[in-house]
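Structure first, commentary second.
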Amino acid sequence: MATRTRQMTTAQRLLLLITLSAVVLVGIWLVTGKGSALQPSPTTSSSSNPASAADARKQLDELTVAPRGTMDGYDRKKYPHWDNQGNNCNTREFVLKRDGKDVKAGSDCAPTSGSWTSIYDGETWTKPTDVDIDHMVPLAQSWVSGAKSWNDEKRRQFANDLTRPQLFAVTDNVNQEKSDKAPDQWKPPLVSFWCTYATDWITVKHYYALTITAAEKTALGDMLGRC
């Protein structure tokens with residue numbers, strides 16, 4: 001009886017070892033991104049679910065109209081960005097995975113393949129280097145409309161906001177053309193996106209209580225007319 005008991009205990013230990021090994025292998029498979037891409041949180045917003053034109057108009061009327069401030073004291077370093085979002089991914093890599101199709105990434109979370117369709121011009125790219133992560137309301141634009149008085153932590157939230165429609169993967173040279181411009185200074189080449197561009201811009205500015213200029217308000221109202 002003693003010998004039989006020892007044999008059963010050894011078998012149980014072997015089964016436990018096999019089970020633990022399987023769990024570890026599955027964990028490695030998922031973390032390295034070879035099994036599946038990082039999935040965005042269900043609460044993550046994107047322009048696929050923009051605010052309604054009616055809600056945007058109401059929020060637009062609630063925004064404070066004021067002259068655009070100066071760039072005095074502005075520095076991108078005052079907006080700590082590309083925070084760690086878990087699974088070894090920073091904010092930029094998270095957006096690349098969220099906005100891309102069939103995205104594959106290495107253990108460092110940097111995409112190695114996939115495709116990205118830019119909301120600003122409708123162009124599709126297959127190299128991560130061909131797209132930038134754009135802030136719908138640029139960092140410098142927030143600075144001249146109220147963020148100058150914020151602390152670094154609030155500016156960090158603004159720069160890494162995955163809940164509001166603030167971060168998108170777009171064609172790199174189009175993003176460079178946009179730069180820090182407001183809607184009265186620049187609009188996306190894809191006219192069919194103007195409605196969503198306006199609602200997204202208003203959503204972000206309203207949430208952060210940023211100001212708008214009279215010209216900016218007029219441009220946003222005109223774009224809402226296309227909704």
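We name chains A, B, ... following the order of the structure tokens; residues begin at 1 in each chain, and ligands are numbered from 1 as shown.
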
Pull the closest atom pair for each residue of region 129-199 of chain A that gets at most 9 Å from region 67-91 of chain A, along with the distance in Å to one decimal, counting only C-alpha atoms, ordering rows by chain and then ascending residue number, as JSON lines.
```
{"residue": "A:Leu139", "atom": "CA", "partner": "A:Arg76", "partner_atom": "CA", "distance": 7.3}
{"residue": "A:Ala140", "atom": "CA", "partner": "A:Tyr74", "partner_atom": "CA", "distance": 7.1}
{"residue": "A:Gln141", "atom": "CA", "partner": "A:Arg68", "partner_atom": "CA", "distance": 8.8}
{"residue": "A:Trp143", "atom": "CA", "partner": "A:Tyr74", "partner_atom": "CA", "distance": 6.9}
{"residue": "A:Val144", "atom": "CA", "partner": "A:Gly69", "partner_atom": "CA", "distance": 4.2}
{"residue": "A:Ser145", "atom": "CA", "partner": "A:Arg68", "partner_atom": "CA", "distance": 6.1}
{"residue": "A:Gly146", "atom": "CA", "partner": "A:Gly69", "partner_atom": "CA", "distance": 8.0}
{"residue": "A:Lys148", "atom": "CA", "partner": "A:Tyr74", "partner_atom": "CA", "distance": 7.6}
{"residue": "A:Asn151", "atom": "CA", "partner": "A:Lys78", "partner_atom": "CA", "distance": 8.6}
{"residue": "A:Asp152", "atom": "CA", "partner": "A:Lys78", "partner_atom": "CA", "distance": 5.9}
{"residue": "A:Glu153", "atom": "CA", "partner": "A:Pro80", "partner_atom": "CA", "distance": 8.0}
{"residue": "A:Lys154", "atom": "CA", "partner": "A:Tyr79", "partner_atom": "CA", "distance": 8.5}
{"residue": "A:Arg155", "atom": "CA", "partner": "A:Tyr79", "partner_atom": "CA", "distance": 5.0}
{"residue": "A:Arg156", "atom": "CA", "partner": "A:Pro80", "partner_atom": "CA", "distance": 4.9}
{"residue": "A:Gln157", "atom": "CA", "partner": "A:His81", "partner_atom": "CA", "distance": 8.3}
{"residue": "A:Phe158", "atom": "CA", "partner": "A:Tyr79", "partner_atom": "CA", "distance": 7.9}
{"residue": "A:Ala159", "atom": "CA", "partner": "A:His81", "partner_atom": "CA", "distance": 5.4}
{"residue": "A:Asn160", "atom": "CA", "partner": "A:His81", "partner_atom": "CA", "distance": 5.8}
{"residue": "A:Asp161", "atom": "CA", "partner": "A:Thr91", "partner_atom": "CA", "distance": 8.7}
{"residue": "A:Leu162", "atom": "CA", "partner": "A:Thr91", "partner_atom": "CA", "distance": 8.1}
```

Query - Spatial neighbours of Thr199 (chain A), max dist 12 Å, only C-alpha atoms, sep filter under 3 positions, as a PyMOL selection string - result: chain A and resi 46-60+136-137+164-166+183+193-196+202-206+217+219-227

Taking N, CA and C atoms for each residue, export the selection above as a CSV table (one decimal), in the first residue's frame.
```csv
chain,number,residue,atom,x,y,z
A,46,SER,N,-13.4,56.3,-29.8
A,46,SER,CA,-12.8,56.6,-31.1
A,46,SER,C,-13.8,57.4,-32.0
A,47,SER,N,-13.3,57.8,-33.1
A,47,SER,CA,-14.2,58.6,-34.0
A,47,SER,C,-15.3,57.7,-34.6
A,48,SER,N,-15.2,56.4,-34.4
A,48,SER,CA,-16.3,55.5,-34.9
A,48,SER,C,-17.6,55.8,-34.1
A,49,ASN,N,-17.5,56.4,-32.9
A,49,ASN,CA,-18.6,56.7,-32.1
A,49,ASN,C,-18.6,58.2,-31.7
A,50,PRO,N,-18.7,59.1,-32.7
A,50,PRO,CA,-18.6,60.5,-32.4
A,50,PRO,C,-19.8,61.0,-31.7
A,51,ALA,N,-19.7,62.2,-31.1
A,51,ALA,CA,-20.9,62.8,-30.4
A,51,ALA,C,-21.9,63.2,-31.5
A,52,SER,N,-23.1,63.3,-31.2
A,52,SER,CA,-24.1,63.7,-32.2
A,52,SER,C,-23.9,65.2,-32.5
A,53,ALA,N,-24.4,65.6,-33.7
A,53,ALA,CA,-24.2,67.0,-34.0
A,53,ALA,C,-25.0,67.9,-33.0
A,54,ALA,N,-26.1,67.5,-32.6
A,54,ALA,CA,-26.9,68.3,-31.6
A,54,ALA,C,-26.2,68.4,-30.3
A,55,ASP,N,-25.6,67.4,-29.8
A,55,ASP,CA,-24.8,67.5,-28.6
A,55,ASP,C,-23.6,68.4,-28.8
A,56,ALA,N,-22.9,68.2,-29.9
A,56,ALA,CA,-21.7,69.0,-30.2
A,56,ALA,C,-22.1,70.5,-30.3
A,57,ARG,N,-23.2,70.8,-30.9
A,57,ARG,CA,-23.6,72.2,-31.0
A,57,ARG,C,-23.9,72.8,-29.6
A,58,LYS,N,-24.5,72.0,-28.8
A,58,LYS,CA,-24.8,72.4,-27.4
A,58,LYS,C,-23.5,72.7,-26.6
A,59,GLN,N,-22.5,71.8,-26.8
A,59,GLN,CA,-21.2,71.9,-26.1
A,59,GLN,C,-20.5,73.1,-26.7
A,60,LEU,N,-20.6,73.3,-28.0
A,60,LEU,CA,-19.9,74.4,-28.7
A,60,LEU,C,-20.4,75.8,-28.1
A,136,MET,N,-5.9,65.1,-31.5
A,136,MET,CA,-7.0,65.8,-32.1
A,136,MET,C,-6.9,67.3,-31.8
A,137,VAL,N,-6.8,67.7,-30.6
A,137,VAL,CA,-6.5,69.0,-30.1
A,137,VAL,C,-5.0,69.0,-29.8
A,164,ARG,N,-11.4,60.1,-24.4
A,164,ARG,CA,-12.0,61.0,-25.3
A,164,ARG,C,-11.4,60.8,-26.8
A,165,PRO,N,-12.1,61.3,-27.8
A,165,PRO,CA,-11.6,61.2,-29.2
A,165,PRO,C,-10.4,62.1,-29.4
A,166,GLN,N,-9.2,61.8,-28.8
A,166,GLN,CA,-8.1,62.7,-28.8
A,166,GLN,C,-6.9,62.2,-29.5
A,183,PRO,N,-9.2,74.5,-36.2
A,183,PRO,CA,-10.0,74.3,-37.4
A,183,PRO,C,-10.2,75.5,-38.3
A,193,PHE,N,-15.0,63.8,-43.6
A,193,PHE,CA,-14.7,63.6,-42.2
A,193,PHE,C,-14.9,64.9,-41.4
A,194,TRP,N,-15.2,66.0,-42.0
A,194,TRP,CA,-15.3,67.3,-41.4
A,194,TRP,C,-16.3,67.3,-40.2
A,195,CYS,N,-17.4,66.6,-40.4
A,195,CYS,CA,-18.4,66.6,-39.3
A,195,CYS,C,-17.8,65.9,-38.1
A,196,THR,N,-17.2,64.8,-38.2
A,196,THR,CA,-16.6,64.1,-37.1
A,196,THR,C,-15.5,64.8,-36.5
A,202,ILE,N,-14.7,69.5,-30.5
A,202,ILE,CA,-15.5,70.1,-29.5
A,202,ILE,C,-15.6,69.2,-28.3
A,203,THR,N,-15.7,67.9,-28.4
A,203,THR,CA,-15.8,67.0,-27.3
A,203,THR,C,-14.6,67.1,-26.4
A,204,VAL,N,-13.4,67.2,-27.0
A,204,VAL,CA,-12.1,67.3,-26.2
A,204,VAL,C,-12.0,68.7,-25.6
A,205,LYS,N,-12.3,69.7,-26.3
A,205,LYS,CA,-12.2,71.1,-25.7
A,205,LYS,C,-13.2,71.3,-24.6
A,206,HIS,N,-14.4,70.7,-24.8
A,206,HIS,CA,-15.4,70.9,-23.8
A,206,HIS,C,-15.1,70.1,-22.5
A,217,LYS,N,-14.8,79.1,-33.5
A,217,LYS,CA,-16.2,78.7,-33.3
A,217,LYS,C,-17.0,78.7,-34.6
A,219,ALA,N,-15.7,78.3,-37.7
A,219,ALA,CA,-15.3,77.1,-38.5
A,219,ALA,C,-15.9,75.8,-38.0
A,220,LEU,N,-16.0,75.6,-36.7
A,220,LEU,CA,-16.6,74.4,-36.2
A,220,LEU,C,-18.1,74.4,-36.5
A,221,GLY,N,-18.8,75.5,-36.4
A,221,GLY,CA,-20.2,75.5,-36.7
A,221,GLY,C,-20.4,75.2,-38.2
A,222,ASP,N,-19.6,75.7,-39.1
A,222,ASP,CA,-19.7,75.4,-40.5
A,222,ASP,C,-19.5,73.9,-40.7
A,223,MET,N,-18.5,73.3,-40.1
A,223,MET,CA,-18.3,71.9,-40.3
A,223,MET,C,-19.4,71.0,-39.7
A,224,LEU,N,-20.0,71.5,-38.6
A,224,LEU,CA,-21.2,70.8,-38.1
A,224,LEU,C,-22.4,70.8,-39.1
A,225,GLY,N,-22.4,71.8,-39.9
A,225,GLY,CA,-23.4,71.9,-40.9
A,225,GLY,C,-23.4,70.8,-41.9
A,226,ARG,N,-22.3,70.0,-42.0
A,226,ARG,CA,-22.1,68.9,-42.9
A,226,ARG,C,-22.6,67.6,-42.3
A,227,CYS,N,-23.0,67.6,-41.0
A,227,CYS,CA,-23.4,66.4,-40.3
A,227,CYS,C,-24.8,66.0,-40.8
```

Report summary line: The residue from A:Ala110, A:Val95, A:Ile133, A:Ala66 with the smallest atom-to-atom distance to Val174 (chain A), counting only C-alpha atoms, is A:Ile133

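Proximity of A:Leu167, A:Val65, A:Ala147, A:Ile212 to Asp200 (chain A), computed with only C-alpha atoms, is greatest for A:Leu167.
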
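You will find CA of Leu210 (chain A) at 12.0 Å from CA of Pro138 (chain A).
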
Report task. Report the residues of region 62-176 of chain A whose backbone DSSP state falls under alpha helix (DSSP H), written as a list in words. Result -> Glu62, Thr91, Arg92, Glu93, Phe94, Val95, Leu96, Lys97, Arg98, Asp99, Leu139, Ala140, Gln141, Ser142, Trp143, Asp152, Glu153, Lys154, Arg155, Arg156, Gln157, Phe158, Ala159, Asp172, Asn173, Val174, Asn175 and Gln176 of chain A

Query raised in the report: So, counting only C-alpha atoms, which residue among A:Thr163, A:Asn173, A:Thr213, A:Ser179 is closest to Asp121 (chain A)?
Result: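 Ranking A:Thr163, A:Asn173, A:Thr213, A:Ser179 by distance to Asp121 (chain A), first place goes to A:Asn173.
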
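Residues of region 11-222 of chain A carrying a DSSP assignment of strand (DSSP E), computed from the backbone, are Gly100, Lys101, Asp102, Val103, Lys104, Ala105, Pro111, Thr112, Ser113, Gly114, Ser115, Trp116, Thr117, Thr124, Trp125, Val131, Asp132, Ile133, Asp134, His135, Leu167, Phe168, Ala169, Val170 and Thr171 of chain A.
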